Structure formats: structure tokens, C-alpha cells
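Structure data (PDB, C-alpha atoms, pLDDT in the B column) from upload17.pdb:
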```pdb
MODEL        1
ATOM      1  CA  MET A   1       1.555 122.900 -46.540  1.00 90.00           C
ATOM      2  CA  PHE A   2       0.416 123.559 -42.982  1.00 93.00           C
ATOM      3  CA  LYS A   3      -2.451 121.349 -41.838  1.00 92.00           C
ATOM      4  CA  LYS A   4      -3.615 123.051 -38.651  1.00 95.00           C
ATOM      5  CA  ILE A   5      -3.552 126.822 -38.106  1.00 95.00           C
ATOM      6  CA  LEU A   6      -4.781 129.072 -35.314  1.00 96.00           C
ATOM      7  CA  ILE A   7      -5.807 132.661 -36.085  1.00 94.00           C
ATOM      8  CA  ALA A   8      -5.918 135.216 -33.246  1.00 93.00           C
ATOM      9  CA  GLU A   9      -7.482 138.432 -34.527  1.00 89.00           C
ATOM     10  CA  ASP A  10     -10.021 140.744 -32.893  1.00 81.00           C
ATOM     11  CA  GLN A  11     -10.956 142.747 -35.995  1.00 72.00           C
ATOM     12  CA  GLU A  12     -13.494 141.209 -38.358  1.00 63.00           C
ATOM     13  CA  MET A  13     -11.929 142.694 -41.500  1.00 58.00           C
ATOM     14  CA  GLY A  14      -8.530 141.306 -40.569  1.00 56.00           C
ATOM     15  CA  SER A  15     -10.047 137.922 -39.855  1.00 64.00           C
ATOM     16  CA  LEU A  16     -11.800 137.902 -43.238  1.00 72.00           C
ATOM     17  CA  SER A  17      -8.533 138.708 -45.015  1.00 72.00           C
ATOM     18  CA  VAL A  18      -6.790 135.800 -43.308  1.00 83.00           C
ATOM     19  CA  GLN A  19      -9.762 133.517 -43.945  1.00 80.00           C
ATOM     20  CA  LYS A  20      -9.703 134.306 -47.668  1.00 79.00           C
ATOM     21  CA  THR A  21      -5.994 133.540 -47.863  1.00 84.00           C
ATOM     22  CA  LEU A  22      -6.291 130.205 -46.066  1.00 87.00           C
ATOM     23  CA  GLU A  23      -9.223 129.148 -48.228  1.00 84.00           C
ATOM     24  CA  GLU A  24      -7.124 129.794 -51.338  1.00 85.00           C
ATOM     25  CA  LEU A  25      -4.339 127.663 -49.837  1.00 88.00           C
ATOM     26  CA  ASN A  26      -6.806 124.853 -49.010  1.00 88.00           C
ATOM     27  CA  ILE A  27      -5.730 124.627 -45.370  1.00 89.00           C
ATOM     28  CA  PRO A  28      -7.884 121.807 -43.933  1.00 87.00           C
ATOM     29  CA  ASN A  29      -8.037 122.760 -40.246  1.00 92.00           C
ATOM     30  CA  VAL A  30      -8.302 126.414 -39.190  1.00 92.00           C
ATOM     31  CA  ASP A  31      -9.477 127.797 -35.846  1.00 93.00           C
ATOM     32  CA  TYR A  32     -10.326 131.445 -35.151  1.00 92.00           C
ATOM     33  CA  VAL A  33     -10.305 133.272 -31.815  1.00 93.00           C
ATOM     34  CA  TYR A  34     -10.876 136.921 -30.915  1.00 90.00           C
ATOM     35  CA  TYR A  35      -8.967 136.962 -27.613  1.00 91.00           C
ATOM     36  CA  CYS A  36      -5.396 136.112 -26.634  1.00 94.00           C
ATOM     37  CA  ASP A  37      -6.541 134.087 -23.620  1.00 95.00           C
ATOM     38  CA  ASP A  38      -8.660 131.935 -25.920  1.00 95.00           C
ATOM     39  CA  ALA A  39      -5.704 131.465 -28.269  1.00 96.00           C
ATOM     40  CA  LEU A  40      -3.499 130.230 -25.443  1.00 97.00           C
ATOM     41  CA  ALA A  41      -6.257 127.920 -24.197  1.00 97.00           C
ATOM     42  CA  LYS A  42      -6.609 126.432 -27.700  1.00 97.00           C
ATOM     43  CA  ILE A  43      -2.870 125.818 -27.908  1.00 97.00           C
ATOM     44  CA  LYS A  44      -2.789 124.168 -24.476  1.00 97.00           C
ATOM     45  CA  LYS A  45      -5.700 121.919 -25.449  1.00 97.00           C
ATOM     46  CA  SER A  46      -4.076 120.940 -28.744  1.00 97.00           C
ATOM     47  CA  ILE A  47      -0.877 119.959 -26.921  1.00 97.00           C
ATOM     48  CA  ARG A  48      -2.793 117.912 -24.337  1.00 96.00           C
ATOM     49  CA  GLU A  49      -4.578 116.070 -27.121  1.00 96.00           C
ATOM     50  CA  ASN A  50      -1.310 115.484 -28.964  1.00 96.00           C
ATOM     51  CA  ASP A  51      -2.655 117.362 -31.977  1.00 96.00           C
ATOM     52  CA  PRO A  52      -0.701 120.649 -31.887  1.00 96.00           C
ATOM     53  CA  TYR A  53      -1.054 123.574 -34.269  1.00 97.00           C
ATOM     54  CA  ASP A  54       1.480 124.011 -37.064  1.00 96.00           C
ATOM     55  CA  LEU A  55       1.147 127.785 -37.296  1.00 97.00           C
ATOM     56  CA  LEU A  56      -0.151 130.710 -35.256  1.00 97.00           C
ATOM     57  CA  ILE A  57      -1.145 133.937 -37.017  1.00 96.00           C
ATOM     58  CA  THR A  58      -1.713 136.749 -34.532  1.00 96.00           C
ATOM     59  CA  ASP A  59      -2.289 140.475 -34.420  1.00 93.00           C
ATOM     60  CA  LEU A  60      -0.307 142.631 -31.981  1.00 92.00           C
ATOM     61  CA  SER A  61      -3.051 144.950 -30.726  1.00 88.00           C
ATOM     62  CA  TYR A  62      -6.315 143.821 -29.168  1.00 86.00           C
ATOM     63  CA  GLU A  63      -9.046 146.235 -28.114  1.00 79.00           C
ATOM     64  CA  GLU A  64     -10.263 145.924 -24.549  1.00 77.00           C
ATOM     65  CA  ASP A  65     -13.950 145.188 -24.008  1.00 73.00           C
ATOM     66  CA  HIS A  66     -16.189 143.667 -21.324  1.00 73.00           C
ATOM     67  CA  HIS A  67     -14.304 140.350 -21.532  1.00 75.00           C
ATOM     68  CA  LEU A  68     -11.491 140.624 -18.962  1.00 78.00           C
ATOM     69  CA  GLN A  69      -8.286 139.111 -20.313  1.00 82.00           C
ATOM     70  CA  ASN A  70      -5.042 138.036 -18.645  1.00 89.00           C
ATOM     71  CA  ILE A  71      -3.067 138.387 -21.874  1.00 92.00           C
ATOM     72  CA  LYS A  72      -3.479 141.886 -23.252  1.00 87.00           C
ATOM     73  CA  ASP A  73      -1.648 141.833 -26.592  1.00 93.00           C
ATOM     74  CA  GLY A  74       0.093 139.781 -29.231  1.00 94.00           C
ATOM     75  CA  LYS A  75       3.554 140.138 -27.740  1.00 95.00           C
ATOM     76  CA  GLU A  76       2.405 138.662 -24.438  1.00 96.00           C
ATOM     77  CA  LEU A  77       0.652 135.875 -26.317  1.00 97.00           C
ATOM     78  CA  ILE A  78       3.810 135.041 -28.279  1.00 97.00           C
ATOM     79  CA  GLU A  79       5.851 134.934 -25.069  1.00 96.00           C
ATOM     80  CA  GLU A  80       3.412 132.503 -23.454  1.00 96.00           C
ATOM     81  CA  VAL A  81       3.157 130.360 -26.571  1.00 97.00           C
ATOM     82  CA  ARG A  82       6.949 130.073 -26.831  1.00 96.00           C
ATOM     83  CA  LYS A  83       7.002 128.600 -23.295  1.00 96.00           C
ATOM     84  CA  LEU A  84       4.479 125.921 -24.273  1.00 95.00           C
ATOM     85  CA  GLN A  85       5.434 125.184 -27.869  1.00 96.00           C
ATOM     86  CA  PRO A  86       8.866 126.673 -28.613  1.00 96.00           C
ATOM     87  CA  LEU A  87       9.020 125.502 -32.214  1.00 95.00           C
ATOM     88  CA  LEU A  88       5.539 126.643 -33.275  1.00 97.00           C
ATOM     89  CA  LYS A  89       5.715 128.787 -36.412  1.00 98.00           C
ATOM     90  CA  ILE A  90       4.365 132.293 -35.772  1.00 98.00           C
ATOM     91  CA  ILE A  91       3.379 135.004 -38.238  1.00 97.00           C
ATOM     92  CA  VAL A  92       2.395 138.445 -36.964  1.00 96.00           C
ATOM     93  CA  PHE A  93      -0.335 140.141 -39.020  1.00 93.00           C
ATOM     94  CA  SER A  94      -0.524 143.718 -37.805  1.00 91.00           C
ATOM     95  CA  GLY A  95      -0.839 147.385 -38.684  1.00 87.00           C
ATOM     96  CA  GLU A  96       2.348 148.214 -36.769  1.00 84.00           C
ATOM     97  CA  ARG A  97       4.657 150.353 -38.924  1.00 80.00           C
ATOM     98  CA  LYS A  98       7.650 151.058 -36.656  1.00 79.00           C
ATOM     99  CA  SER A  99      10.654 149.164 -37.977  1.00 79.00           C
ATOM    100  CA  GLY A 100      12.270 149.033 -34.540  1.00 78.00           C
ATOM    101  CA  ILE A 101       9.306 147.142 -33.132  1.00 84.00           C
ATOM    102  CA  ILE A 102       9.096 144.868 -36.183  1.00 87.00           C
ATOM    103  CA  ASP A 103      12.801 144.050 -35.926  1.00 84.00           C
ATOM    104  CA  SER A 104      12.432 143.213 -32.221  1.00 86.00           C
ATOM    105  CA  LEU A 105       9.658 140.737 -33.046  1.00 92.00           C
ATOM    106  CA  PHE A 106      12.212 138.675 -34.975  1.00 92.00           C
ATOM    107  CA  THR A 107      15.210 139.177 -32.684  1.00 89.00           C
ATOM    108  CA  GLU A 108      13.517 139.052 -29.257  1.00 90.00           C
ATOM    109  CA  PHE A 109      10.255 137.183 -29.814  1.00 94.00           C
ATOM    110  CA  ARG A 110      11.589 134.818 -32.503  1.00 95.00           C
ATOM    111  CA  ILE A 111       8.642 135.145 -34.854  1.00 97.00           C
ATOM    112  CA  ASN A 112       8.939 133.602 -38.302  1.00 97.00           C
ATOM    113  CA  GLY A 113       7.092 136.141 -40.428  1.00 96.00           C
ATOM    114  CA  TYR A 114       5.594 139.607 -40.370  1.00 95.00           C
ATOM    115  CA  VAL A 115       2.851 140.941 -42.660  1.00 92.00           C
ATOM    116  CA  ARG A 116       1.654 144.506 -42.356  1.00 89.00           C
ATOM    117  CA  LYS A 117      -2.069 145.070 -42.827  1.00 87.00           C
ATOM    118  CA  ALA A 118      -2.540 146.965 -46.069  1.00 81.00           C
ATOM    119  CA  ARG A 119      -4.345 146.907 -49.401  1.00 76.00           C
ATOM    120  CA  ASN A 120      -2.550 143.806 -50.705  1.00 74.00           C
ATOM    121  CA  ASP A 121      -2.118 142.046 -47.391  1.00 83.00           C
ATOM    122  CA  SER A 122      -3.807 138.852 -48.599  1.00 84.00           C
ATOM    123  CA  LYS A 123      -1.134 138.429 -51.256  1.00 86.00           C
ATOM    124  CA  GLU A 124       1.648 139.160 -48.760  1.00 88.00           C
ATOM    125  CA  LEU A 125       0.160 136.779 -46.220  1.00 91.00           C
ATOM    126  CA  LYS A 126       0.128 133.993 -48.792  1.00 91.00           C
ATOM    127  CA  LYS A 127       3.826 134.605 -49.498  1.00 92.00           C
ATOM    128  CA  ALA A 128       4.591 134.632 -45.793  1.00 94.00           C
ATOM    129  CA  ILE A 129       2.840 131.333 -45.141  1.00 95.00           C
ATOM    130  CA  ALA A 130       4.639 129.676 -48.057  1.00 94.00           C
ATOM    131  CA  SER A 131       8.038 130.984 -46.900  1.00 95.00           C
ATOM    132  CA  VAL A 132       7.558 130.064 -43.256  1.00 96.00           C
ATOM    133  CA  TYR A 133       6.412 126.585 -44.266  1.00 95.00           C
ATOM    134  CA  VAL A 134       9.826 125.928 -45.844  1.00 95.00           C
ATOM    135  CA  ASN A 135      11.598 127.351 -42.763  1.00 95.00           C
ATOM    136  CA  GLU A 136      12.374 130.770 -44.246  1.00 95.00           C
ATOM    137  CA  ASN A 137      11.576 133.898 -42.280  1.00 94.00           C
ATOM    138  CA  TYR A 138       9.367 136.338 -44.164  1.00 94.00           C
ATOM    139  CA  LEU A 139       9.389 140.111 -44.285  1.00 89.00           C
ATOM    140  CA  SER A 140       8.223 142.063 -47.333  1.00 82.00           C
ATOM    141  CA  LEU A 141      10.852 143.913 -49.380  1.00 75.00           C
ATOM    142  CA  ASP A 142       9.776 147.396 -48.290  1.00 75.00           C
ATOM    143  CA  LEU A 143       9.900 146.421 -44.618  1.00 79.00           C
ATOM    144  CA  LYS A 144      13.283 144.753 -45.100  1.00 76.00           C
ATOM    145  CA  GLN A 145      14.620 148.051 -46.413  1.00 71.00           C
ATOM    146  CA  GLU A 146      13.230 149.909 -43.404  1.00 70.00           C
ATOM    147  CA  VAL A 147      14.719 147.403 -40.966  1.00 73.00           C
ATOM    148  CA  LYS A 148      18.042 147.548 -42.842  1.00 68.00           C
ATOM    149  CA  LYS A 149      18.000 151.318 -42.378  1.00 66.00           C
ATOM    150  CA  LEU A 150      17.401 150.802 -38.672  1.00 65.00           C
ATOM    151  CA  ASN A 151      20.225 148.293 -38.392  1.00 65.00           C
ATOM    152  CA  SER A 152      22.657 150.399 -40.407  1.00 62.00           C
ATOM    153  CA  TYR A 153      23.441 151.992 -37.066  1.00 70.00           C
ATOM    154  CA  GLU A 154      23.596 149.654 -34.105  1.00 74.00           C
ATOM    155  CA  PHE A 155      22.044 151.487 -31.171  1.00 81.00           C
ATOM    156  CA  THR A 156      23.642 150.792 -27.806  1.00 86.00           C
ATOM    157  CA  LYS A 157      21.901 151.050 -24.449  1.00 89.00           C
ATOM    158  CA  TYR A 158      23.888 154.233 -23.871  1.00 93.00           C
ATOM    159  CA  ASP A 159      22.551 155.722 -27.123  1.00 92.00           C
ATOM    160  CA  THR A 160      18.930 154.991 -26.255  1.00 91.00           C
ATOM    161  CA  THR A 161      19.436 156.349 -22.739  1.00 94.00           C
ATOM    162  CA  LEU A 162      20.642 159.692 -24.097  1.00 95.00           C
ATOM    163  CA  VAL A 163      17.833 160.024 -26.637  1.00 94.00           C
ATOM    164  CA  SER A 164      15.230 158.897 -24.097  1.00 94.00           C
ATOM    165  CA  LEU A 165      16.376 161.594 -21.673  1.00 95.00           C
ATOM    166  CA  LEU A 166      16.118 164.233 -24.388  1.00 95.00           C
ATOM    167  CA  SER A 167      12.616 163.016 -25.273  1.00 94.00           C
ATOM    168  CA  GLN A 168      11.615 163.370 -21.602  1.00 95.00           C
ATOM    169  CA  GLY A 169      12.574 167.043 -21.686  1.00 94.00           C
ATOM    170  CA  VAL A 170      15.963 166.772 -19.976  1.00 94.00           C
ATOM    171  CA  GLN A 171      18.245 169.465 -21.368  1.00 94.00           C
ATOM    172  CA  GLN A 172      21.440 168.248 -22.966  1.00 94.00           C
ATOM    173  CA  LYS A 173      23.589 170.163 -20.443  1.00 94.00           C
ATOM    174  CA  ASN A 174      21.830 168.374 -17.555  1.00 95.00           C
ATOM    175  CA  ILE A 175      22.218 164.823 -18.903  1.00 96.00           C
ATOM    176  CA  PRO A 176      25.669 164.300 -17.285  1.00 95.00           C
ATOM    177  CA  THR A 177      24.122 164.796 -13.834  1.00 95.00           C
ATOM    178  CA  TYR A 178      21.610 161.987 -14.510  1.00 94.00           C
ATOM    179  CA  LEU A 179      24.368 159.714 -15.829  1.00 95.00           C
ATOM    180  CA  GLN A 180      26.581 160.374 -12.816  1.00 95.00           C
ATOM    181  CA  ASN A 181      23.735 159.733 -10.371  1.00 94.00           C
ATOM    182  CA  ASN A 182      23.043 156.384 -12.056  1.00 94.00           C
ATOM    183  CA  ASN A 183      26.698 155.345 -12.413  1.00 94.00           C
ATOM    184  CA  ILE A 184      26.524 155.431 -16.205  1.00 94.00           C
ATOM    185  CA  THR A 185      29.716 156.183 -18.093  1.00 92.00           C
ATOM    186  CA  PRO A 186      30.982 158.115 -19.943  1.00 93.00           C
ATOM    187  CA  ASN A 187      29.205 160.933 -18.163  1.00 94.00           C
ATOM    188  CA  SER A 188      31.023 164.147 -19.018  1.00 94.00           C
ATOM    189  CA  LEU A 189      29.245 166.863 -20.986  1.00 94.00           C
ATOM    190  CA  SER A 190      31.795 166.622 -23.784  1.00 94.00           C
ATOM    191  CA  SER A 191      31.247 162.841 -24.137  1.00 94.00           C
ATOM    192  CA  VAL A 192      27.463 163.339 -24.242  1.00 95.00           C
ATOM    193  CA  GLU A 193      27.788 166.056 -26.887  1.00 94.00           C
ATOM    194  CA  LYS A 194      30.188 163.922 -28.920  1.00 94.00           C
ATOM    195  CA  LYS A 195      27.888 160.892 -28.819  1.00 93.00           C
ATOM    196  CA  LEU A 196      24.754 162.880 -29.764  1.00 94.00           C
ATOM    197  CA  ASN A 197      26.588 164.579 -32.638  1.00 93.00           C
ATOM    198  CA  SER A 198      27.819 161.181 -33.823  1.00 90.00           C
ATOM    199  CA  LEU A 199      24.271 159.813 -33.721  1.00 89.00           C
ATOM    200  CA  LYS A 200      22.866 162.741 -35.682  1.00 88.00           C
ATOM    201  CA  GLU A 201      25.579 162.455 -38.316  1.00 86.00           C
ATOM    202  CA  ALA A 202      25.091 158.691 -38.698  1.00 81.00           C
ATOM    203  CA  LEU A 203      21.310 159.020 -39.029  1.00 80.00           C
ATOM    204  CA  GLY A 204      21.344 162.078 -41.263  1.00 79.00           C
ATOM    205  CA  VAL A 205      19.533 164.459 -38.910  1.00 84.00           C
ATOM    206  CA  THR A 206      20.647 167.899 -37.792  1.00 89.00           C
ATOM    207  CA  SER A 207      18.958 168.574 -34.445  1.00 92.00           C
ATOM    208  CA  ASN A 208      18.073 166.832 -31.214  1.00 93.00           C
ATOM    209  CA  GLU A 209      14.386 167.271 -32.063  1.00 92.00           C
ATOM    210  CA  GLN A 210      14.863 165.427 -35.361  1.00 89.00           C
ATOM    211  CA  LEU A 211      16.876 162.737 -33.589  1.00 90.00           C
ATOM    212  CA  ILE A 212      14.053 162.188 -31.087  1.00 91.00           C
ATOM    213  CA  ALA A 213      11.424 162.047 -33.862  1.00 87.00           C
ATOM    214  CA  PHE A 214      13.547 159.614 -35.905  1.00 82.00           C
ATOM    215  CA  CYS A 215      14.001 157.253 -32.952  1.00 85.00           C
ATOM    216  CA  LYS A 216      10.307 157.407 -32.088  1.00 83.00           C
ATOM    217  CA  ASP A 217       9.367 156.548 -35.674  1.00 76.00           C
ATOM    218  CA  LEU A 218      11.631 153.511 -35.542  1.00 72.00           C
ATOM    219  CA  GLY A 219      10.240 152.452 -32.175  1.00 74.00           C
ATOM    220  CA  ILE A 220      13.628 152.686 -30.487  1.00 78.00           C
ATOM    221  CA  ILE A 221      12.256 154.896 -27.703  1.00 81.00           C
TER
ENDMDL
END
```

Any chance you could put this one into C-alpha cells?
Amino acid sequence: MFKKILIAEDQEMGSLSVQKTLEELNIPNVDYVYYCDDALAKIKKSIRENDPYDLLITDLSYEEDHHLQNIKDGKELIEEVRKLQPLLKIIVFSGERKSGIIDSLFTEFRINGYVRKARNDSKELKKAIASVYVNENYLSLDLKQEVKKLNSYEFTKYDTTLVSLLSQGVQQKNIPTYLQNNNITPNSLSSVEKKLNSLKEALGVTSNEQLIAFCKDLGII
């Protein structure tokens, strides 16, 4: 099992949940910090002393207070940590529910596990730690199903551009003008209508408003 773990969590209840889990797993060396800057400083120090951490457990959101911080959230922290210690195991412990964002944490930020804060999060966190320890990525079954739903349709940059424009209040008939001005193709009205209809059919929605809401829920836009 992991021997040295760093916890970055600014909420006391979340920290207590993690603490309980690690006590049950008999982890011998655990450090806690409330700020991302402090987490990065701890990791730098551990590397200098040739005693690096085995695992980082971090939240995504950190409330701002009177302590000015260079690193504002968990994503920024993960990016900085990956530069210093690319192979460090990372589990995100967060209340984030959007499957698009959760999926991007694995694909873009290369995290090893995700646990959503909930009633039984201590149990899920224990499973995540055990899985990550044996080099298996961890995502609970319900979240896997949500991410699978997201990935059942592979959104292209063109798709997200169209839906983003709709969400910004651009009328469908005016989208071709934006596409033409930005050298984006295809940019005819018929191609835009065809693509939006294809998206709605694939995702099981019937209107542009539902399409926008669906993509926002997934964190795509």
C-alpha cells in the first residue's frame, strides 16, 4: 500500500472523510494542506529531499480567502505537479458532477482516479486508493455509465463550436456568417442545420434549447 500521501483539501468535512479512510488503511505518512500553493511546495520539498509522495489526493475547487494564492484550483495544481513528478499517482476527490469535466481529468490531466463527494465517499475513496495502487484507474460504476454516455457520441471541435454559438444567443440562421468570418468549414446554412439535427438525433433531444442544456450538463460547453 502507499506509504506517503499528500491531501490537498480546503473543506474540513472533506478532509475528515479522507483522514478516516487513510486511518483505516493504516497509511503511515500523511500530510494535509488547505491551499494548492502549499501542496506544490510540499511536493517540491519531498523531491529535493529524495523522499517523494506516492499519491496526491486533491479537490478541484478551492475557496478564495485572505491568503493570496498563485494556483487557484485543483486542475492548475495537477498541471504543475505533472511537470515536477510526472508519474505521481493522483486521485481527485470532488463534488464535480459533469461527466465531460470528469472525463477530461483522465484524458487531458492524466489523473488515476476520481471519487465524487457523497454519502458513501469514504467507501469509494478506499476502493479508489486500492485500485490506483495496483495501477488501475478508478471511476465508480455510476460515473462510468455517465462518461460512457458522453463518449457514445464523439464531439468534434466543429460540434462544440456550433452549440457554443447557440448558447451565446447566436441564431441558427446567423451561424454561417460567423463560420465564414473565421474560415471554419463547412459553413453553409444547410450544413449547419444538418449537423445540428444529427447531434440532436444522436443525443436524443428535440430542440436546440435541449441540446444546449445537455451539453452544459456534460461540461462540453

Which value, in Å to one decimal, gives the distance between CA of Lys200 (chain A) and CA of Asn183 (chain A)?
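These two atoms are separated by 24.7 Å.
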
Mind checking which residues fall within 9 Å of region 159-168 of chain A, counting all atoms listed in the file, ignoring those fewer than 6 positions away in the same chain, and posting them as a list of chain:residue names?
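So the residues in contact are A:Ile175, A:Tyr178, A:Val192, A:Lys195, A:Leu196, A:Leu199, A:Asn208, A:Glu209, A:Leu211, A:Ile212, A:Ala213, A:Cys215, A:Ile220, A:Ile221.
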
Go ahead and save the picked residues with C-alpha atoms, as a CSV table (one decimal), keeping the file's coordinate frame.
```
chain,number,residue,atom,x,y,z
A,175,ILE,CA,22.2,164.8,-18.9
A,178,TYR,CA,21.6,162.0,-14.5
A,192,VAL,CA,27.5,163.3,-24.2
A,195,LYS,CA,27.9,160.9,-28.8
A,196,LEU,CA,24.8,162.9,-29.8
A,199,LEU,CA,24.3,159.8,-33.7
A,208,ASN,CA,18.1,166.8,-31.2
A,209,GLU,CA,14.4,167.3,-32.1
A,211,LEU,CA,16.9,162.7,-33.6
A,212,ILE,CA,14.1,162.2,-31.1
A,213,ALA,CA,11.4,162.0,-33.9
A,215,CYS,CA,14.0,157.3,-33.0
A,220,ILE,CA,13.6,152.7,-30.5
A,221,ILE,CA,12.3,154.9,-27.7
```

Using only C-alpha atoms, which of the listed residues (A:Leu218, A:Glu76, A:Glu24, A:Asp51) sits closest to Phe155 (chain A)?
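Result for the nearest residue to Phe155 (chain A): A:Leu218.
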
Given the file shown, enumerate the residues that the PyMOL selection byres ((chain A and resi 32-42) around 7) captures and present them as JSON, numbers by chain.
{"A": [6, 7, 8, 9, 10, 30, 31, 43, 44, 45, 46, 69, 70, 71, 72, 73, 77, 81]}

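Reported to one decimal place, the separation of CA of Glu193 (chain A) from CA of Lys173 (chain A) is 8.7 Å.
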
Would you mind telling me which residue in A:Ser190, A:Asn26, A:Ser122, A:Thr156 lies nearest to Phe93 (chain A) when using only C-alpha atoms?
A:Ser122

Select from region 38-129 of chain A every residue with an atom at most 12 Å from any atom of region 139-149 of chain A, then for each give the shortest pair of atoms and their distance in Å to one decimal, using only C-alpha atoms, rows by chain and rising number, as JSON lines.
```
{"residue": "A:Ile91", "atom": "CA", "partner": "A:Leu139", "partner_atom": "CA", "distance": 9.9}
{"residue": "A:Val92", "atom": "CA", "partner": "A:Leu139", "partner_atom": "CA", "distance": 10.3}
{"residue": "A:Phe93", "atom": "CA", "partner": "A:Leu139", "partner_atom": "CA", "distance": 11.1}
{"residue": "A:Glu96", "atom": "CA", "partner": "A:Leu143", "partner_atom": "CA", "distance": 11.0}
{"residue": "A:Arg97", "atom": "CA", "partner": "A:Leu143", "partner_atom": "CA", "distance": 8.7}
{"residue": "A:Lys98", "atom": "CA", "partner": "A:Glu146", "partner_atom": "CA", "distance": 8.8}
{"residue": "A:Ser99", "atom": "CA", "partner": "A:Val147", "partner_atom": "CA", "distance": 5.3}
{"residue": "A:Gly100", "atom": "CA", "partner": "A:Val147", "partner_atom": "CA", "distance": 7.1}
{"residue": "A:Ile101", "atom": "CA", "partner": "A:Val147", "partner_atom": "CA", "distance": 9.5}
{"residue": "A:Ile102", "atom": "CA", "partner": "A:Val147", "partner_atom": "CA", "distance": 7.8}
{"residue": "A:Asp103", "atom": "CA", "partner": "A:Val147", "partner_atom": "CA", "distance": 6.4}
{"residue": "A:Ser104", "atom": "CA", "partner": "A:Val147", "partner_atom": "CA", "distance": 10.0}
{"residue": "A:Leu105", "atom": "CA", "partner": "A:Leu139", "partner_atom": "CA", "distance": 11.3}
{"residue": "A:Phe106", "atom": "CA", "partner": "A:Leu139", "partner_atom": "CA", "distance": 9.8}
{"residue": "A:Thr107", "atom": "CA", "partner": "A:Val147", "partner_atom": "CA", "distance": 11.7}
{"residue": "A:Ile111", "atom": "CA", "partner": "A:Leu139", "partner_atom": "CA", "distance": 10.7}
{"residue": "A:Asn112", "atom": "CA", "partner": "A:Leu139", "partner_atom": "CA", "distance": 8.9}
{"residue": "A:Gly113", "atom": "CA", "partner": "A:Leu139", "partner_atom": "CA", "distance": 6.0}
{"residue": "A:Tyr114", "atom": "CA", "partner": "A:Leu139", "partner_atom": "CA", "distance": 5.5}
{"residue": "A:Val115", "atom": "CA", "partner": "A:Leu139", "partner_atom": "CA", "distance": 6.8}
{"residue": "A:Arg116", "atom": "CA", "partner": "A:Ser140", "partner_atom": "CA", "distance": 8.6}
{"residue": "A:Lys117", "atom": "CA", "partner": "A:Ser140", "partner_atom": "CA", "distance": 11.6}
{"residue": "A:Ala118", "atom": "CA", "partner": "A:Ser140", "partner_atom": "CA", "distance": 11.9}
{"residue": "A:Asn120", "atom": "CA", "partner": "A:Ser140", "partner_atom": "CA", "distance": 11.4}
{"residue": "A:Asp121", "atom": "CA", "partner": "A:Ser140", "partner_atom": "CA", "distance": 10.3}
{"residue": "A:Lys123", "atom": "CA", "partner": "A:Ser140", "partner_atom": "CA", "distance": 10.8}
{"residue": "A:Glu124", "atom": "CA", "partner": "A:Ser140", "partner_atom": "CA", "distance": 7.3}
{"residue": "A:Leu125", "atom": "CA", "partner": "A:Ser140", "partner_atom": "CA", "distance": 9.7}
{"residue": "A:Lys126", "atom": "CA", "partner": "A:Ser140", "partner_atom": "CA", "distance": 11.5}
{"residue": "A:Lys127", "atom": "CA", "partner": "A:Ser140", "partner_atom": "CA", "distance": 8.9}
{"residue": "A:Ala128", "atom": "CA", "partner": "A:Leu139", "partner_atom": "CA", "distance": 7.4}
{"residue": "A:Ile129", "atom": "CA", "partner": "A:Leu139", "partner_atom": "CA", "distance": 11.0}
```

I'd like to know which of A:Ser131, A:Thr177, A:Ser17, A:Thr185 is closest to Ser94 (chain A), using only C-alpha atoms.
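Result for the nearest residue to Ser94 (chain A): A:Ser17.
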
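For the pair CA of Lys89 (chain A) and CA of Asp217 (chain A), the interatomic distance is 28.0 Å.
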
Counting all atoms listed in the file, find the residues whose atoms lie at most 9 Å from (-7.8, 119.4, -45.0) (file coordinates) and write them out as a list of chain:residue names.
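Those residues lying close to the given coordinates are A:Lys3, A:Lys4, A:Asn26, A:Ile27, A:Pro28, A:Asn29.
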
Could you write out that same residue set with C-alpha atoms as a short mmCIF file (atom, residue, chain, number, x, y, z; two decimals), keeping the file's coordinate frame?
```cif
data_model
loop_
_atom_site.label_atom_id
_atom_site.label_comp_id
_atom_site.auth_asym_id
_atom_site.auth_seq_id
_atom_site.Cartn_x
_atom_site.Cartn_y
_atom_site.Cartn_z
CA LYS A 3 -2.45 121.35 -41.84
CA LYS A 4 -3.62 123.05 -38.65
CA ASN A 26 -6.81 124.85 -49.01
CA ILE A 27 -5.73 124.63 -45.37
CA PRO A 28 -7.88 121.81 -43.93
CA ASN A 29 -8.04 122.76 -40.25
#
```

Using the file's own x, y and z axes, what box holds all listed atoms of region 119-122 of chain A with 4 Å on each side, keeping edges along x, y and z, and what are its centre and edge lengths in Å to one decimal, as JSON?
```
{"center_x": -3.2, "center_y": 142.9, "center_z": -49.0, "size_x": 10.2, "size_y": 16.1, "size_z": 11.3}
```

Within 7 Å of (0.7, 125.6, -50.1) in the file's own coordinates, which protein, DNA or RNA residues have an atom, counting all atoms listed in the file? List them as a PyMOL selection string.
chain A and resi 1+25+130

I need the residue nearest Leu55 (chain A) from this list: A:Ala202, A:Leu189, A:Leu84, A:Val132. Use only C-alpha atoms for the distance.
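Under the stated criterion, the closest residue is A:Val132.
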
Which of these, A:Ile184, A:Leu16, A:Glu49, A:Gly204, has the shortest distance to Tyr158 (chain A) once you count all atoms listed in the file?
A:Ile184
